[in-house]
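Shown next, in structure tokens, is the structure this report addresses.
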Amino acid sequence: MSQLRESAIAADSVLQTGPKEAEPLRVLFHRLNNQLGIILACAELLELKAADDVSRSRASEVVAKVLDAMGTAKEIRHKSELL
């Protein structure tokens, strides 16, 4: 399973829980996750189609940073639900 698919499944399961008061915030996090997912998909495609090692390495860095950003967004969302 690709990193994108795993992240999307995890985000969807997180989004389906929580009180109704958090609905607007949940929608924003869903939008953010979708946007990051698009960036991740593009970076993974660039990584696969890169013509040289330098380009492949740069695309790999983008993939790693997007996954980190998705994790950070998930952590912020979790902490916001505890407030």
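Ordering of the structure tokens sets the chain letters (A, B, ...); residue numbers start at 1 within each chain; ligands are numbered from 1 in the order shown.
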| request: May I have the residues within 12 Å of Ala64 in chain A as a list in words, using only C-alpha atoms and disregarding those fewer than 5 positions away in the same chain? | output: Gln3, Leu4, Leu36, Ile39, Leu40, Ala41, Ala43, Glu44, Glu47, Ser57, Arg58, Ala59, Ala69, Met70 and Gly71 of chain A
I need the chosen residues saved as an mmCIF file, in the first residue's frame, with C-alpha atoms.
data_model
loop_
_atom_site.group_PDB
_atom_site.id
_atom_site.type_symbol
_atom_site.label_atom_id
_atom_site.label_comp_id
_atom_site.auth_asym_id
_atom_site.auth_seq_id
_atom_site.Cartn_x
_atom_site.Cartn_y
_atom_site.Cartn_z
ATOM 1 C CA GLN A 3 2.242 6.024 1.705
ATOM 2 C CA LEU A 4 -0.474 8.254 0.270
ATOM 3 C CA LEU A 36 -0.989 17.461 1.439
ATOM 4 C CA ILE A 39 1.448 17.161 -2.993
ATOM 5 C CA LEU A 40 2.520 13.719 -1.774
ATOM 6 C CA ALA A 41 1.096 12.005 -4.857
ATOM 7 C CA ALA A 43 6.180 14.017 -5.306
ATOM 8 C CA GLU A 44 5.875 10.224 -5.411
ATOM 9 C CA GLU A 47 10.305 10.247 -7.565
ATOM 10 C CA SER A 57 16.685 12.522 -4.180
ATOM 11 C CA ARG A 58 14.935 15.903 -4.187
ATOM 12 C CA ALA A 59 11.558 14.260 -4.785
ATOM 13 C CA ALA A 69 3.644 17.632 7.756
ATOM 14 C CA MET A 70 0.752 15.143 7.694
ATOM 15 C CA GLY A 71 1.939 13.742 11.005
#
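Shortest separation to Leu48 in chain A among A:Val63, A:Leu25, A:Ala73, A:Leu83 occurs at residue A:Val63, atoms counted being only C-alpha atoms.
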| message | Just the number, please: distance in Å from CA of Glu23 in chain A to CA of Glu81 in chain A, one decimal. | response | 10.6 Å
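Proximity to Leu67 in chain A was assessed for A:Ala51, A:Leu82, A:Leu46, A:Ile38 counting only C-alpha atoms; the smallest distance is recorded for A:Ile38.
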